[in-house]
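K.L.:
Provided herewith is a single structure, encoded as structure tokens, for subsequent inquiry.
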Amino acid sequence: MPNDQFFNSFFALITNPAEVQNAFWVGFKILVLLAFLLYIFFAVIVVRQVHLMSKTFVTSAEPLLKLLAYTHLLFAFGILFFAYVIL
Amino acid sequence: MPEIYSARARKARRPTAMSHSSQSPQKKEAESSSSPHELEHRHVDQYSLVMKREHEGRNPFSAYSPKPRHVRFETQSDREHVILALRRHPITNLPWILIALVMSLAPLLLQLIPVANIIPARVEVVIVIGWYLLIVGYILESFLSWFFNVNIITDERIVDIDFHSLISKRISSAKIDNIEDVSGETVGFLRSILNFGTVVVQTAGETKEFEFIDVPHPDRIVQLLNELILEEEREKLEGRVN
């Protein structure tokens with residue numbers, strides 16, 4: 001029966017330590033990548049906010065702040081890529 | 001025709017080239033305007049003892065920036081001039097700086113935890129980099145929060161720009177005419193030593209109370225606001241309109 005086959009293979013998977021470890025690291029990688037994706041979302045909001053606030057309050061520091069916000073966003077993307085490659 | 005409206009009077013009032021070069025752009029603008037009402041508009045140095053003593057603020061990161069050169073705000077009108085831009089005293093950033101420092105030392109503790117030895121090196125690298133990215137985000141957010149929480153005093157009104165979090169901002173303002181009471185307080189050892197405190201402005205407007213929290217030189221700010229109130233009253237008495 002297909003159900004039996006599934007349970008047998010699942011049982012074999014969870015009793016094999018190497019497979020368990022492998023599954024754990026795959027799950028960990030997915031979690032880490034999700035966390036970095038969330039961080040990118042935060043970095044995008046920071047960029048958006050710097051733009052918005054620079055319109056509200058205009059100073060000569062505006063280009064520097066925008067540069068900081070975009071660099072931060074770039075790093076967030078870079079680290080997501082790095083984590084995807086290295087893990 | 002009154003003297004003030006005549007071309008001769010306008011010419012006589014125009015400063016010489018030498019004196020012009022030493023004046024601020026705001027002052028130049030006020031004096032080179034062609035409208036009769038603008039001619040009557042006095043530069044802040046002419047009626048404020050506090051501002052007379054201050055030099056132009058050129059540092060955009062300063063917490064106390066008198067007559068700032070390149071500062072404007074969203075709802076500023078063409079004939080309105082920023083007299084003072086204020087932020088919280090830089091020392092108020094100390095808590096988040098210390099938190100960031102402690103957070104940046106945390107990866108060193110990872111070496112002391114025995115469980116950390118079973119983590120593969122590549123995973124450890126990603127965790128540490130992610131942690132430092134989080135710290136950078138925290139620093140950036142804290143800094144932006146300090147930078148964009150501004151109190152502005154113009155020759156027409158006081159403006160409070162609040163940047164509570166990444167997704168909320170609030171701008172409130174009150175005309176100088178509507179100010180009813182101004183008080184400043186410096187409480188605590190650090191505030192007394194570094195001369196910063198809170199200025200509370202009671203108004204008759206929609207926002208009843210403005211608080212300039214932990215701003216440098218609260219005594220000067222109170223004095224300036226009183227001078228601005230007096231100037232507004234003088235303008236009304238003399239029939240000058242802004």
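How things are named: the first chain in the structure tokens is A, the next is B, and so on; residues count from 1 in each chain; ligands count from 1 in the order shown.
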Could you please tell me, as a PyMOL selection string, which residues of chain B have an atom within 10 Å of chain A when using only C-alpha atoms?
P.N.:
chain B and resi 58-61+68-76+120+122-123+125-127+129-130+133-134+136-137+140-141+144+147-150+152+161+163+165-169+171
K.L.:
With C-alpha atoms kept, could you save the residues just selected as an mmCIF file, in the first residue's frame?
P.N.:
data_model
loop_
_atom_site.group_PDB
_atom_site.id
_atom_site.type_symbol
_atom_site.label_atom_id
_atom_site.label_comp_id
_atom_site.auth_asym_id
_atom_site.auth_seq_id
_atom_site.Cartn_x
_atom_site.Cartn_y
_atom_site.Cartn_z
ATOM 1 C CA ARG B 58 26.678 74.660 9.265
ATOM 2 C CA ASN B 59 26.845 71.197 10.804
ATOM 3 C CA PRO B 60 23.744 69.225 9.757
ATOM 4 C CA PHE B 61 24.249 66.816 12.670
ATOM 5 C CA PRO B 68 20.981 76.941 9.821
ATOM 6 C CA ARG B 69 21.990 77.363 6.200
ATOM 7 C CA HIS B 70 20.544 74.396 4.389
ATOM 8 C CA VAL B 71 17.619 73.481 6.587
ATOM 9 C CA ARG B 72 14.061 73.483 5.301
ATOM 10 C CA PHE B 73 10.936 71.597 6.249
ATOM 11 C CA GLU B 74 7.905 70.345 4.384
ATOM 12 C CA THR B 75 5.346 72.927 5.446
ATOM 13 C CA GLN B 76 7.681 75.928 5.393
ATOM 14 C CA PRO B 120 29.848 23.973 11.679
ATOM 15 C CA ARG B 122 30.182 28.012 7.843
ATOM 16 C CA VAL B 123 27.002 28.233 9.939
ATOM 17 C CA VAL B 125 30.111 32.628 10.062
ATOM 18 C CA VAL B 126 26.583 33.246 8.781
ATOM 19 C CA ILE B 127 25.195 33.618 12.328
ATOM 20 C CA ILE B 129 27.513 38.160 10.098
ATOM 21 C CA GLY B 130 23.726 38.154 10.548
ATOM 22 C CA LEU B 133 23.922 43.142 10.373
ATOM 23 C CA LEU B 134 21.228 43.273 13.039
ATOM 24 C CA VAL B 136 24.012 47.845 12.094
ATOM 25 C CA GLY B 137 20.232 47.983 11.568
ATOM 26 C CA LEU B 140 20.916 53.024 11.837
ATOM 27 C CA GLU B 141 17.374 53.034 13.151
ATOM 28 C CA LEU B 144 17.675 58.118 12.213
ATOM 29 C CA PHE B 147 18.295 62.776 13.558
ATOM 30 C CA PHE B 148 14.720 63.229 12.376
ATOM 31 C CA ASN B 149 13.144 64.049 15.738
ATOM 32 C CA VAL B 150 13.509 67.766 15.345
ATOM 33 C CA ILE B 152 12.245 73.936 14.648
ATOM 34 C CA ILE B 161 8.638 66.850 13.879
ATOM 35 C CA PHE B 163 9.664 60.342 13.970
ATOM 36 C CA SER B 165 9.245 54.593 14.417
ATOM 37 C CA LEU B 166 9.928 53.475 10.887
ATOM 38 C CA ILE B 167 6.310 53.839 9.898
ATOM 39 C CA SER B 168 4.973 56.781 11.854
ATOM 40 C CA LYS B 169 5.674 60.483 11.832
ATOM 41 C CA ILE B 171 4.323 67.133 12.500
#
K.L.:
Mind checking which residues fall within 10 Å of stretch 105-116 of chain B, counting only C-alpha atoms, ignoring those fewer than 3 positions away in the same chain, and posting them as a PyMOL selection string?
P.N.:
chain B and resi 100-102+119-121+124+127-129+131-132
K.L.:
Could the residues in this selection be saved with all heavy atoms as a compact mmCIF listing (two decimals), in the first residue's frame?
P.N.:
# COMPACT_ATOMS: atom_id res chain seq x y z
N ALA B 100 24.55 48.84 21.64
CA ALA B 100 25.18 48.35 20.40
C ALA B 100 26.58 47.78 20.70
O ALA B 100 26.96 46.75 20.13
CB ALA B 100 25.26 49.46 19.38
N LEU B 101 27.30 48.45 21.61
CA LEU B 101 28.65 47.96 21.96
C LEU B 101 28.57 46.60 22.63
O LEU B 101 29.33 45.69 22.30
CB LEU B 101 29.33 48.96 22.90
CG LEU B 101 30.11 50.09 22.23
CD1 LEU B 101 30.62 51.08 23.26
CD2 LEU B 101 31.29 49.51 21.44
N VAL B 102 27.64 46.47 23.58
CA VAL B 102 27.47 45.19 24.29
C VAL B 102 27.05 44.11 23.31
O VAL B 102 27.56 42.99 23.33
CB VAL B 102 26.44 45.34 25.45
CG1 VAL B 102 26.08 44.00 26.04
CG2 VAL B 102 27.00 46.25 26.53
N ILE B 119 28.60 23.46 16.22
CA ILE B 119 28.08 24.21 15.06
C ILE B 119 29.17 24.27 13.99
O ILE B 119 30.30 24.67 14.28
CB ILE B 119 27.66 25.65 15.47
CG1 ILE B 119 26.57 25.59 16.55
CG2 ILE B 119 27.18 26.45 14.27
CD1 ILE B 119 26.23 26.94 17.15
N PRO B 120 28.84 23.89 12.75
CA PRO B 120 29.85 23.97 11.68
C PRO B 120 30.33 25.41 11.47
O PRO B 120 29.57 26.36 11.70
CB PRO B 120 29.09 23.49 10.44
CG PRO B 120 27.91 22.75 10.96
CD PRO B 120 27.58 23.35 12.28
N ALA B 121 31.56 25.54 11.04
CA ALA B 121 32.18 26.87 10.89
C ALA B 121 31.40 27.78 9.95
O ALA B 121 31.22 28.97 10.21
CB ALA B 121 33.61 26.71 10.41
N GLU B 124 28.44 29.13 11.65
CA GLU B 124 28.86 30.12 12.64
C GLU B 124 29.14 31.46 11.97
O GLU B 124 28.75 32.52 12.47
CB GLU B 124 30.12 29.62 13.35
CG GLU B 124 30.30 30.26 14.73
CD GLU B 124 31.51 29.69 15.45
OE1 GLU B 124 31.63 28.46 15.53
OE2 GLU B 124 32.33 30.51 15.92
N ILE B 127 25.87 33.12 11.11
CA ILE B 127 25.20 33.62 12.33
C ILE B 127 25.86 34.92 12.80
O ILE B 127 25.19 35.90 13.11
CB ILE B 127 25.22 32.55 13.45
CG1 ILE B 127 24.28 31.40 13.08
CG2 ILE B 127 24.80 33.16 14.79
CD1 ILE B 127 24.33 30.22 14.03
N VAL B 128 27.19 34.92 12.81
CA VAL B 128 27.92 36.11 13.29
C VAL B 128 27.68 37.31 12.36
O VAL B 128 27.40 38.42 12.83
CB VAL B 128 29.44 35.80 13.44
CG1 VAL B 128 30.23 37.07 13.68
CG2 VAL B 128 29.67 34.82 14.57
N ILE B 129 27.74 37.06 11.06
CA ILE B 129 27.51 38.16 10.10
C ILE B 129 26.08 38.68 10.24
O ILE B 129 25.84 39.89 10.25
CB ILE B 129 27.82 37.71 8.65
CG1 ILE B 129 29.32 37.50 8.49
CG2 ILE B 129 27.35 38.76 7.64
CD1 ILE B 129 29.74 36.96 7.15
N TRP B 131 24.23 38.58 12.86
CA TRP B 131 24.16 39.31 14.13
C TRP B 131 24.67 40.74 13.98
O TRP B 131 24.05 41.69 14.44
CB TRP B 131 24.97 38.54 15.20
CG TRP B 131 24.99 39.18 16.54
CD1 TRP B 131 26.00 39.87 17.12
CD2 TRP B 131 23.90 39.23 17.49
NE1 TRP B 131 25.65 40.33 18.36
CE2 TRP B 131 24.36 39.95 18.61
CE3 TRP B 131 22.60 38.72 17.50
CZ2 TRP B 131 23.57 40.19 19.73
CZ3 TRP B 131 21.81 38.95 18.61
CH2 TRP B 131 22.30 39.69 19.71
N TYR B 132 25.82 40.86 13.30
CA TYR B 132 26.39 42.21 13.11
C TYR B 132 25.51 43.07 12.19
O TYR B 132 25.41 44.27 12.37
CB TYR B 132 27.83 42.14 12.58
CG TYR B 132 28.81 41.86 13.70
CD1 TYR B 132 29.54 40.67 13.76
CD2 TYR B 132 28.97 42.77 14.74
CE1 TYR B 132 30.40 40.41 14.81
CE2 TYR B 132 29.84 42.52 15.79
CZ TYR B 132 30.54 41.33 15.83
OH TYR B 132 31.38 41.08 16.88
K.L.:
For the helix (DSSP H, G or I) assignment from backbone DSSP, which residues of stretch 125-181 of chain B qualify? Please present them as JSON, numbers by chain.
P.N.:
{"B": [125, 126, 127, 128, 129, 130, 131, 132, 133, 134, 135, 136, 137, 138, 139, 140, 141, 142, 143, 144, 145, 146, 147, 148, 176, 177, 178]}
K.L.:
Would you mind reading off the distance between atom CA of B:Glu180 and atom CA of B:Glu211, one decimal, in Å?
P.N.:
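For atom CA of B:Glu180 relative to atom CA of B:Glu211, the distance reads 13.7 Å.
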K.L.:
Any chance you could list, as an MDAnalysis selection string, the residues in stretch 32-210 of chain B that come up strand (DSSP E or B) when DSSP is run on the backbone?
P.N.:
chainID B and resid 64:66 72:73 82:86 150:154 157:165 168:175 179:185 196:203 209:210
